[in-house]
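Novice: Below is upload18.pdb; it holds PDB, C-alpha atoms, pLDDT in the B column.
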```pdb
ATOM      1  CA  MET F 118      94.374  55.753 142.047  1.00 59.00           C
ATOM      2  CA  VAL F 119      93.441  52.646 140.028  1.00 62.00           C
ATOM      3  CA  TYR F 120      92.767  49.149 141.395  1.00 70.00           C
ATOM      4  CA  GLU F 121      91.394  45.898 139.997  1.00 76.00           C
ATOM      5  CA  TYR F 122      89.019  43.449 141.691  1.00 75.00           C
ATOM      6  CA  GLU F 123      87.081  40.306 140.840  1.00 80.00           C
ATOM      7  CA  GLY F 124      83.831  38.785 142.011  1.00 81.00           C
ATOM      8  CA  LYS F 125      81.283  36.194 140.949  1.00 80.00           C
ATOM      9  CA  THR F 126      79.045  39.068 139.847  1.00 80.00           C
ATOM     10  CA  GLU F 127      79.503  42.770 139.171  1.00 77.00           C
ATOM     11  CA  LYS F 128      77.791  43.547 142.493  1.00 77.00           C
ATOM     12  CA  GLU F 129      80.147  41.252 144.421  1.00 80.00           C
ATOM     13  CA  ALA F 130      83.232  42.725 142.730  1.00 79.00           C
ATOM     14  CA  ILE F 131      82.089  46.254 143.599  1.00 81.00           C
ATOM     15  CA  GLU F 132      81.351  45.226 147.199  1.00 79.00           C
ATOM     16  CA  ASN F 133      84.834  43.684 147.439  1.00 77.00           C
ATOM     17  CA  ALA F 134      86.361  46.931 146.201  1.00 76.00           C
ATOM     18  CA  ALA F 135      84.328  49.086 148.592  1.00 76.00           C
ATOM     19  CA  SER F 136      85.199  46.850 151.544  1.00 74.00           C
ATOM     20  CA  GLU F 137      88.933  46.719 150.862  1.00 72.00           C
ATOM     21  CA  LEU F 138      89.240  50.427 150.043  1.00 68.00           C
ATOM     22  CA  GLY F 139      87.003  51.509 152.911  1.00 68.00           C
ATOM     23  CA  LEU F 140      84.917  53.689 150.592  1.00 68.00           C
ATOM     24  CA  GLU F 141      81.239  54.205 149.879  1.00 65.00           C
ATOM     25  CA  ARG F 142      80.005  53.119 146.442  1.00 63.00           C
ATOM     26  CA  ASP F 143      79.622  56.712 145.212  1.00 58.00           C
ATOM     27  CA  GLN F 144      83.227  57.535 146.091  1.00 61.00           C
ATOM     28  CA  PHE F 145      84.754  55.638 143.163  1.00 66.00           C
ATOM     29  CA  ASP F 146      84.106  54.904 139.490  1.00 70.00           C
ATOM     30  CA  VAL F 147      83.894  51.368 138.101  1.00 73.00           C
ATOM     31  CA  GLU F 148      85.026  50.109 134.708  1.00 71.00           C
ATOM     32  CA  ILE F 149      84.136  46.525 133.805  1.00 75.00           C
ATOM     33  CA  LEU F 150      87.153  44.877 132.165  1.00 75.00           C
ATOM     34  CA  GLU F 151      85.869  41.354 131.552  1.00 75.00           C
ATOM     35  CA  THR F 152      82.902  39.109 132.233  1.00 75.00           C
ATOM     36  CA  GLN F 153      82.956  35.310 132.234  1.00 71.00           C
ATOM     37  CA  LYS F 154      79.701  33.444 132.743  1.00 68.00           C
ATOM     38  CA  ASN F 155      79.377  30.062 134.460  1.00 66.00           C
ATOM     39  CA  SER F 156      80.021  27.018 132.323  1.00 62.00           C
ATOM     40  CA  LEU F 157      80.518  23.322 132.917  1.00 56.00           C
ATOM     41  CA  PHE F 158      84.269  23.698 133.366  1.00 58.00           C
ATOM     42  CA  LYS F 159      84.674  27.291 134.495  1.00 63.00           C
ATOM     43  CA  LYS F 160      83.168  29.387 137.225  1.00 67.00           C
ATOM     44  CA  GLY F 161      81.819  32.758 136.202  1.00 73.00           C
ATOM     45  CA  TYR F 162      83.445  35.991 137.317  1.00 75.00           C
ATOM     46  CA  VAL F 163      83.488  39.709 136.666  1.00 79.00           C
ATOM     47  CA  ARG F 164      86.749  41.676 136.687  1.00 78.00           C
ATOM     48  CA  ILE F 165      86.515  45.407 137.305  1.00 77.00           C
ATOM     49  CA  ARG F 166      88.869  48.361 137.459  1.00 73.00           C
ATOM     50  CA  VAL F 167      88.210  50.924 140.179  1.00 73.00           C
ATOM     51  CA  HIS F 168      89.173  54.573 139.790  1.00 66.00           C
ATOM     52  CA  THR F 169      89.372  56.615 142.987  1.00 59.00           C
ATOM     53  CA  VAL F 170      89.959  60.333 143.318  1.00 47.00           C
ATOM     54  CA  ASP F 171      92.672  61.731 145.571  1.00 44.00           C
ATOM     55  CA  THR F 172      90.810  64.227 147.746  1.00 36.00           C
ATOM     56  CA  ASN F 173      94.010  66.226 148.150  1.00 38.00           C
ATOM     57  CA  GLU F 174      94.021  67.042 144.442  1.00 36.00           C
ATOM     58  CA  HIS F 175      91.465  69.003 142.449  1.00 35.00           C
ATOM     59  CA  VAL F 176      91.055  66.298 139.836  1.00 35.00           C
ATOM     60  CA  ALA F 177      87.685  65.119 138.593  1.00 36.00           C
ATOM     61  CA  PRO F 178      86.808  61.743 137.029  1.00 40.00           C
ATOM     62  CA  GLU F 179      87.561  61.643 133.332  1.00 42.00           C
ATOM     63  CA  PHE F 180      84.118  60.519 132.268  1.00 48.00           C
ATOM     64  CA  ASP F 181      80.742  59.888 133.799  1.00 51.00           C
ATOM     65  CA  GLY F 182      77.581  58.128 132.803  1.00 52.00           C
ATOM     66  CA  GLY F 183      75.630  61.144 131.730  1.00 55.00           C
ATOM     67  CA  MET F 184      71.980  61.519 132.560  1.00 54.00           C
ATOM     68  CA  PRO F 185      70.575  61.072 136.080  1.00 54.00           C
ATOM     69  CA  LYS F 186      68.945  57.806 137.107  1.00 49.00           C
ATOM     70  CA  THR F 187      67.731  58.564 140.652  1.00 44.00           C
ATOM     71  CA  LYS F 188      64.364  59.830 141.824  1.00 40.00           C
ATOM     72  CA  ASN F 189      66.020  62.550 143.905  1.00 41.00           C
ATOM     73  CA  THR F 190      67.048  64.544 140.847  1.00 43.00           C
ATOM     74  CA  LEU F 191      65.858  68.138 140.991  1.00 44.00           C
ATOM     75  CA  PHE F 192      64.791  69.436 137.585  1.00 50.00           C
ATOM     76  CA  ALA F 193      64.281  73.047 138.564  1.00 54.00           C
ATOM     77  CA  ASP F 194      65.410  76.591 137.931  1.00 70.00           C
ATOM     78  CA  PRO F 195      67.872  76.643 134.992  1.00 79.00           C
ATOM     79  CA  LEU F 196      69.512  79.757 136.448  1.00 84.00           C
ATOM     80  CA  PRO F 197      72.468  79.392 138.847  1.00 78.00           C
ATOM     81  CA  GLN F 198      71.446  79.226 142.494  1.00 82.00           C
ATOM     82  CA  ASP F 199      74.802  79.967 144.125  1.00 89.00           C
ATOM     83  CA  GLU F 200      78.272  81.317 143.402  1.00 93.00           C
ATOM     84  CA  PHE F 201      79.630  77.896 142.442  1.00 93.00           C
ATOM     85  CA  GLU F 202      76.952  77.342 139.778  1.00 93.00           C
ATOM     86  CA  LYS F 203      77.408  80.878 138.433  1.00 95.00           C
ATOM     87  CA  LYS F 204      81.186  80.476 138.092  1.00 95.00           C
ATOM     88  CA  LEU F 205      80.789  77.036 136.503  1.00 95.00           C
ATOM     89  CA  ILE F 206      78.323  78.358 133.914  1.00 95.00           C
ATOM     90  CA  ASP F 207      80.452  81.426 133.169  1.00 96.00           C
ATOM     91  CA  PHE F 208      83.580  79.277 132.759  1.00 96.00           C
ATOM     92  CA  THR F 209      81.881  76.813 130.404  1.00 96.00           C
ATOM     93  CA  ALA F 210      80.384  79.586 128.281  1.00 96.00           C
ATOM     94  CA  SER F 211      83.733  81.405 128.161  1.00 96.00           C
ATOM     95  CA  VAL F 212      85.627  78.318 126.957  1.00 96.00           C
ATOM     96  CA  ILE F 213      83.137  77.685 124.145  1.00 96.00           C
ATOM     97  CA  ARG F 214      83.033  81.317 123.064  1.00 95.00           C
ATOM     98  CA  LYS F 215      86.824  81.391 122.928  1.00 95.00           C
ATOM     99  CA  MET F 216      86.516  78.437 120.548  1.00 94.00           C
ATOM    100  CA  GLY F 217      84.534  80.790 118.300  1.00 94.00           C
ATOM    101  CA  TYR F 218      80.984  79.548 118.928  1.00 95.00           C
ATOM    102  CA  GLU F 219      78.061  81.373 120.492  1.00 95.00           C
ATOM    103  CA  VAL F 220      76.333  79.468 123.275  1.00 95.00           C
ATOM    104  CA  THR F 221      73.957  79.903 126.168  1.00 94.00           C
ATOM    105  CA  VAL F 222      74.551  77.715 129.205  1.00 95.00           C
ATOM    106  CA  GLU F 223      71.996  76.710 131.835  1.00 94.00           C
ATOM    107  CA  ILE F 224      71.472  74.218 134.637  1.00 92.00           C
ATOM    108  CA  MET F 225      69.879  70.995 133.386  1.00 90.00           C
ATOM    109  CA  PHE F 226      69.526  69.029 136.632  1.00 89.00           C
ATOM    110  CA  ARG F 227      70.820  68.927 140.187  1.00 88.00           C
ATOM    111  CA  GLU F 228      71.641  65.951 142.384  1.00 86.00           C
ATOM    112  CA  GLU F 229      73.437  65.732 145.699  1.00 82.00           C
ATOM    113  CA  ARG F 230      76.828  65.113 144.082  1.00 86.00           C
ATOM    114  CA  LYS F 231      76.088  65.712 140.424  1.00 90.00           C
ATOM    115  CA  ILE F 232      75.067  68.704 138.357  1.00 92.00           C
ATOM    116  CA  GLY F 233      73.980  68.737 134.722  1.00 92.00           C
ATOM    117  CA  ILE F 234      74.675  71.643 132.375  1.00 94.00           C
ATOM    118  CA  ARG F 235      72.905  72.149 129.064  1.00 94.00           C
ATOM    119  CA  LEU F 236      74.632  73.856 126.139  1.00 96.00           C
ATOM    120  CA  ASN F 237      72.285  75.639 123.734  1.00 94.00           C
ATOM    121  CA  SER F 238      74.030  76.516 120.493  1.00 94.00           C
ATOM    122  CA  ALA F 239      73.496  76.601 116.755  1.00 94.00           C
ATOM    123  CA  HIS F 240      76.812  74.719 116.576  1.00 93.00           C
ATOM    124  CA  SER F 241      75.807  71.739 118.752  1.00 93.00           C
ATOM    125  CA  SER F 242      77.131  69.186 116.267  1.00 93.00           C
ATOM    126  CA  ILE F 243      80.607  70.734 116.516  1.00 93.00           C
ATOM    127  CA  LEU F 244      80.446  70.910 120.307  1.00 94.00           C
ATOM    128  CA  ILE F 245      79.528  67.219 120.382  1.00 94.00           C
ATOM    129  CA  GLY F 246      82.224  66.151 117.926  1.00 92.00           C
ATOM    130  CA  ARG F 247      82.797  62.671 116.555  1.00 87.00           C
ATOM    131  CA  LYS F 248      81.408  60.085 118.986  1.00 83.00           C
ATOM    132  CA  GLY F 249      81.025  62.857 121.566  1.00 89.00           C
ATOM    133  CA  LYS F 250      84.758  63.443 122.018  1.00 88.00           C
ATOM    134  CA  ASN F 251      84.501  67.244 121.951  1.00 93.00           C
ATOM    135  CA  LEU F 252      81.691  67.169 124.493  1.00 93.00           C
ATOM    136  CA  ASP F 253      83.709  64.781 126.677  1.00 90.00           C
ATOM    137  CA  ALA F 254      86.700  67.135 126.518  1.00 92.00           C
ATOM    138  CA  LEU F 255      84.577  70.132 127.499  1.00 94.00           C
ATOM    139  CA  GLN F 256      83.063  68.086 130.313  1.00 92.00           C
ATOM    140  CA  LEU F 257      86.518  67.176 131.595  1.00 91.00           C
ATOM    141  CA  LEU F 258      87.524  70.839 131.642  1.00 93.00           C
ATOM    142  CA  ALA F 259      84.357  71.709 133.555  1.00 94.00           C
ATOM    143  CA  ASN F 260      85.105  69.008 136.136  1.00 92.00           C
ATOM    144  CA  VAL F 261      88.692  70.189 136.588  1.00 93.00           C
ATOM    145  CA  TYR F 262      87.442  73.751 137.046  1.00 94.00           C
ATOM    146  CA  ALA F 263      84.849  72.573 139.603  1.00 93.00           C
ATOM    147  CA  GLY F 264      87.710  70.936 141.507  1.00 92.00           C
ATOM    148  CA  ARG F 265      89.677  74.180 141.497  1.00 92.00           C
ATOM    149  CA  LEU F 266      86.638  75.864 143.031  1.00 93.00           C
ATOM    150  CA  GLY F 267      86.900  73.355 145.878  1.00 92.00           C
ATOM    151  CA  ARG F 268      84.006  71.216 144.673  1.00 91.00           C
ATOM    152  CA  GLU F 269      85.777  68.030 143.601  1.00 87.00           C
ATOM    153  CA  ASP F 270      82.904  66.167 145.291  1.00 88.00           C
ATOM    154  CA  VAL F 271      80.532  67.344 142.543  1.00 90.00           C
ATOM    155  CA  ARG F 272      80.466  65.619 139.178  1.00 90.00           C
ATOM    156  CA  VAL F 273      79.646  67.873 136.231  1.00 92.00           C
ATOM    157  CA  ILE F 274      77.720  66.487 133.232  1.00 92.00           C
ATOM    158  CA  LEU F 275      77.601  68.487 130.001  1.00 95.00           C
ATOM    159  CA  ASP F 276      74.997  67.787 127.331  1.00 94.00           C
ATOM    160  CA  THR F 277      73.503  69.373 124.242  1.00 93.00           C
ATOM    161  CA  GLU F 278      70.625  68.286 122.015  1.00 91.00           C
ATOM    162  CA  ASN F 279      70.073  65.323 124.406  1.00 91.00           C
ATOM    163  CA  TYR F 280      73.216  63.706 123.001  1.00 92.00           C
ATOM    164  CA  ARG F 281      73.971  61.704 126.158  1.00 89.00           C
ATOM    165  CA  ILE F 282      70.606  59.925 126.139  1.00 88.00           C
ATOM    166  CA  ARG F 283      70.716  59.332 122.395  1.00 90.00           C
ATOM    167  CA  ARG F 284      74.242  57.917 122.667  1.00 90.00           C
ATOM    168  CA  GLU F 285      73.262  55.538 125.470  1.00 90.00           C
ATOM    169  CA  GLU F 286      70.290  54.261 123.471  1.00 90.00           C
ATOM    170  CA  SER F 287      72.511  53.828 120.403  1.00 92.00           C
ATOM    171  CA  LEU F 288      75.091  51.832 122.369  1.00 93.00           C
ATOM    172  CA  VAL F 289      72.459  49.515 123.839  1.00 93.00           C
ATOM    173  CA  ARG F 290      71.159  48.795 120.327  1.00 93.00           C
ATOM    174  CA  LEU F 291      74.742  48.255 119.133  1.00 94.00           C
ATOM    175  CA  ALA F 292      75.362  45.780 121.950  1.00 94.00           C
ATOM    176  CA  TYR F 293      72.307  43.659 121.149  1.00 94.00           C
ATOM    177  CA  ASN F 294      72.899  43.780 117.379  1.00 94.00           C
ATOM    178  CA  THR F 295      76.520  42.744 117.876  1.00 95.00           C
ATOM    179  CA  ALA F 296      75.475  39.848 120.112  1.00 94.00           C
ATOM    180  CA  ASP F 297      73.105  38.628 117.404  1.00 94.00           C
ATOM    181  CA  LYS F 298      75.866  38.779 114.774  1.00 94.00           C
ATOM    182  CA  VAL F 299      78.278  36.915 117.047  1.00 94.00           C
ATOM    183  CA  ARG F 300      75.692  34.174 117.596  1.00 91.00           C
ATOM    184  CA  THR F 301      75.122  33.855 113.839  1.00 92.00           C
ATOM    185  CA  THR F 302      78.757  33.881 112.698  1.00 92.00           C
ATOM    186  CA  ARG F 303      80.342  32.293 115.817  1.00 92.00           C
ATOM    187  CA  ASN F 304      83.115  34.874 115.337  1.00 92.00           C
ATOM    188  CA  SER F 305      84.122  37.565 117.808  1.00 93.00           C
ATOM    189  CA  ILE F 306      83.545  41.220 116.957  1.00 94.00           C
ATOM    190  CA  LEU F 307      85.737  44.106 118.103  1.00 95.00           C
ATOM    191  CA  LEU F 308      83.792  47.333 118.608  1.00 94.00           C
ATOM    192  CA  GLU F 309      85.028  50.887 118.092  1.00 92.00           C
ATOM    193  CA  PRO F 310      87.163  52.566 120.775  1.00 90.00           C
ATOM    194  CA  MET F 311      85.031  53.868 123.635  1.00 89.00           C
ATOM    195  CA  ASN F 312      85.479  55.761 126.878  1.00 85.00           C
ATOM    196  CA  PRO F 313      85.092  53.871 130.205  1.00 84.00           C
ATOM    197  CA  PHE F 314      81.397  54.652 130.675  1.00 84.00           C
ATOM    198  CA  GLU F 315      80.499  53.539 127.160  1.00 89.00           C
ATOM    199  CA  ARG F 316      82.420  50.285 127.576  1.00 90.00           C
ATOM    200  CA  ARG F 317      80.725  49.588 130.875  1.00 88.00           C
ATOM    201  CA  LEU F 318      77.338  50.103 129.212  1.00 90.00           C
ATOM    202  CA  ILE F 319      78.203  47.462 126.590  1.00 92.00           C
ATOM    203  CA  HIS F 320      79.434  45.029 129.271  1.00 91.00           C
ATOM    204  CA  THR F 321      76.366  45.414 131.489  1.00 89.00           C
ATOM    205  CA  THR F 322      73.919  45.249 128.584  1.00 91.00           C
ATOM    206  CA  LEU F 323      75.280  41.853 127.504  1.00 92.00           C
ATOM    207  CA  ASN F 324      76.106  40.528 130.963  1.00 86.00           C
ATOM    208  CA  ASP F 325      72.891  38.479 131.258  1.00 83.00           C
ATOM    209  CA  ILE F 326      73.117  36.931 127.788  1.00 86.00           C
ATOM    210  CA  SER F 327      74.326  33.394 128.444  1.00 85.00           C
ATOM    211  CA  ASP F 328      76.005  32.542 125.137  1.00 89.00           C
ATOM    212  CA  VAL F 329      78.192  35.622 124.666  1.00 92.00           C
ATOM    213  CA  GLU F 330      80.860  37.310 126.764  1.00 91.00           C
ATOM    214  CA  THR F 331      82.729  40.588 126.581  1.00 92.00           C
ATOM    215  CA  LYS F 332      86.169  41.904 127.431  1.00 90.00           C
ATOM    216  CA  SER F 333      88.039  45.171 127.000  1.00 90.00           C
ATOM    217  CA  GLU F 334      91.172  45.321 124.870  1.00 89.00           C
ATOM    218  CA  GLY F 335      93.809  47.967 124.253  1.00 86.00           C
ATOM    219  CA  GLU F 336      95.655  50.635 126.188  1.00 82.00           C
ATOM    220  CA  GLY F 337      94.819  54.162 127.233  1.00 79.00           C
ATOM    221  CA  LEU F 338      91.479  55.785 127.938  1.00 78.00           C
ATOM    222  CA  TYR F 339      89.735  54.753 124.722  1.00 83.00           C
ATOM    223  CA  LYS F 340      89.765  50.947 124.687  1.00 88.00           C
ATOM    224  CA  GLN F 341      87.712  48.546 122.570  1.00 92.00           C
ATOM    225  CA  VAL F 342      85.189  45.939 123.668  1.00 93.00           C
ATOM    226  CA  ARG F 343      85.376  42.493 122.089  1.00 93.00           C
ATOM    227  CA  VAL F 344      82.162  40.467 122.006  1.00 94.00           C
ATOM    228  CA  LEU F 345      82.784  36.703 121.837  1.00 93.00           C
ATOM    229  CA  TYR F 346      80.581  33.673 121.276  1.00 92.00           C
ATOM    230  CA  LYS F 347      80.815  31.090 124.032  1.00 85.00           C
ATOM    231  CA  GLY F 348      77.814  28.925 123.209  1.00 71.00           C
ATOM    232  CA  VAL F 349      75.441  27.238 125.631  1.00 59.00           C
ATOM    233  CA  ARG F 350      77.128  24.553 127.694  1.00 50.00           C
TER     234      ARG F 350
END
```
Turn this file's structure into structure tokens for me.
Specialist:
Amino acid sequence: MVYEYEGKTEKEAIENAASELGLERDQFDVEILETQKNSLFKKGYVRIRVHTVDTNEHVAPEFDGGMPKTKNTLFADPLPQDEFEKKLIDFTASVIRKMGYEVTVEIMFREERKIGIRLNSAHSSILIGRKGKNLDALQLLANVYAGRLGREDVRVILDTENYRIRREESLVRLAYNTADKVRTTRNSILLEPMNPFERRLIHTTLNDISDVETKSEGEGLYKQVRVLYKGVR
């Protein structure tokens, strides 16, 4: 299910969503749609879209943020530790081999509700695809399969050649460079289509910059972020 909420800050909007839906924060995904900072004539706000998962269906979130951020992450044995991990690895390897590419698959990290899988292949660039779309598609398949194994509570992250980290770093640089151009030209800039996680990264990166604002535009999964100059009032 999809819902939209507003708050004075991103934190407040998320708390409003959690309170109204009766869910814990890790039970839904958040996509920032628009941010408006305080000005002389307007109060600031953040508008978010919340994606929840129907626990009666084996459907996983379409995209996730990638690499782990918590201290509880267990970087340990790359070999599967239970039947679920073994089936997940075998499924992922089978899909890629049926695509015609040799690959070895191993566990990259483990968290309470998240598991990372590393793909080792001489064809990593193909598995990643343009802007990571092939890797995202493979990740979606892995999440759907995890749901069919009865583990829709676990989020599966696929990576190869540290693409996820490199992509995040690239998007942060893009956000700051775009903000600088918007300040210089006073014109808005529309960025390339991105998945929900990538758009949220752009929004949050620029959220504390007082003279620019961001909003998502378009329809479907891959929307674009517009960065606008608002000046200092």
Novice: Find the nearest atom pair between each residue of region 256-286 of chain F and region 223-243 of chain F for residues within 12 Å, count all atoms listed in the file, give distances in Å to one decimal, sort rows by chain and ascending number, and present the table as a tab-separated table.
Specialist:
```
residue	atom	partner	partner_atom	distance
F:Gln256	CA	F:Ile234	CA	9.3
F:Ala259	CA	F:Ile234	CA	9.8
F:Asn260	CA	F:Ile232	CA	10.3
F:Ala263	CA	F:Ile232	CA	10.6
F:Arg268	CA	F:Arg230	CA	9.4
F:Glu269	CA	F:Arg230	CA	9.4
F:Asp270	CA	F:Arg230	CA	6.3
F:Val271	CA	F:Arg230	CA	4.6
F:Arg272	CA	F:Lys231	CA	4.6
F:Val273	CA	F:Ile232	CA	5.1
F:Ile274	CA	F:Gly233	CA	4.6
F:Leu275	CA	F:Ile234	CA	4.9
F:Asp276	CA	F:Arg235	CA	5.1
F:Thr277	CA	F:Leu236	CA	5.0
F:Glu278	CA	F:Ser241	CA	7.0
F:Asn279	CA	F:Arg235	CA	8.7
F:Tyr280	CA	F:Ser241	CA	9.4
F:Arg281	CA	F:Arg235	CA	10.9
```
Novice: Between F:Gly249, F:Gly161, F:Pro197, F:Gly348, which is the closest to Ala296 (chain F) once you count only C-alpha atoms?
Specialist: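 Looking only at the distances to Ala296 (chain F), the closest residue turns out to be F:Gly348.
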Novice: Figure out the distance between CA of Gly267 (chain F) and CA of Asn251 (chain F), please, to one decimal in Å.
Specialist: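 Result for CA of Asn251 (chain F) versus CA of Gly267 (chain F): 24.8 Å, one decimal.
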Novice: List as number ranges by chain the protein and nucleic acid residues near Val163 (chain F), meaning an atom at most 10 Å away when all atoms listed in the file are counted, but skip any in the same chain fewer than 5 places from it.
Specialist: F: 122-131, 149-154, 320, 324, 332
Novice: I need the residue set behind the PyMOL selection byres ((chain F and resi 305-308) around 8) for this file; please write it as an mmCIF file with C-alpha atoms, keeping the file's coordinate frame.
Specialist:
```
data_model
loop_
_atom_site.group_PDB
_atom_site.id
_atom_site.type_symbol
_atom_site.label_atom_id
_atom_site.label_comp_id
_atom_site.auth_asym_id
_atom_site.auth_seq_id
_atom_site.Cartn_x
_atom_site.Cartn_y
_atom_site.Cartn_z
ATOM 1 C CA THR F 295 76.520 42.744 117.876
ATOM 2 C CA VAL F 299 78.278 36.915 117.047
ATOM 3 C CA ARG F 303 80.342 32.293 115.817
ATOM 4 C CA ASN F 304 83.115 34.874 115.337
ATOM 5 C CA GLU F 309 85.028 50.887 118.092
ATOM 6 C CA PRO F 310 87.163 52.566 120.775
ATOM 7 C CA GLN F 341 87.712 48.546 122.570
ATOM 8 C CA VAL F 342 85.189 45.939 123.668
ATOM 9 C CA ARG F 343 85.376 42.493 122.089
ATOM 10 C CA VAL F 344 82.162 40.467 122.006
ATOM 11 C CA LEU F 345 82.784 36.703 121.837
ATOM 12 C CA TYR F 346 80.581 33.673 121.276
#
```
Novice: Suppose you want the space between CA of Leu318 (chain F) and CA of Ala292 (chain F); what is it in Å?
Specialist: 8.7 Å
Novice: Please determine, counting only C-alpha atoms, which residue among F:Leu258, F:Leu266, F:Ile165, F:Met311 has the shortest atom-to-atom distance to Phe201 (chain F).
Specialist: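 Ranking F:Leu258, F:Leu266, F:Ile165, F:Met311 by distance to Phe201 (chain F), first place goes to F:Leu266.
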Novice: Adding 4 Å on each side of the box along x, y and z that holds all listed atoms of region 335-346 of chain F, could you give its centre and edge lengths in Å to one decimal, as AutoDock Vina command-line options?
Specialist:
```
--center_x 88.1 --center_y 44.7 --center_z 124.6 --size_x 23.1 --size_y 30.1 --size_z 14.7
```
Novice: Using all atoms listed in the file, which residue out of F:Glu315, F:Glu219, F:Asp325, F:Glu132 lies closest to Lys340 (chain F)?
Specialist: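 The closest residue to Lys340 (chain F) is F:Glu315.
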Novice: Can you tell me how far CA of Ser287 (chain F) sits from CA of Arg247 (chain F), in Å to one decimal?
Specialist: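 Between CA of Ser287 (chain F) and CA of Arg247 (chain F) the gap is 14.1 Å.
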Novice: Which residue, F:Leu244, F:Leu205, F:Leu252, F:Leu338, has the smallest gap to Glu148 (chain F) when you use only C-alpha atoms?
Specialist: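 The answer is F:Leu338, which sits nearest to Glu148 (chain F).
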Novice: Nearest to Arg265 (chain F) among F:Val222, F:Lys204, F:Arg164, F:Leu323, with distances taken over only C-alpha atoms: which residue is it?
Specialist: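 Result for the nearest residue to Arg265 (chain F): F:Lys204.
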Novice: So, counting only C-alpha atoms, which residue among F:Ile326, F:Met216, F:Ala135, F:Leu291 is closest to Leu255 (chain F)?
Specialist: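 Closest residue, counting only C-alpha atoms: F:Met216.
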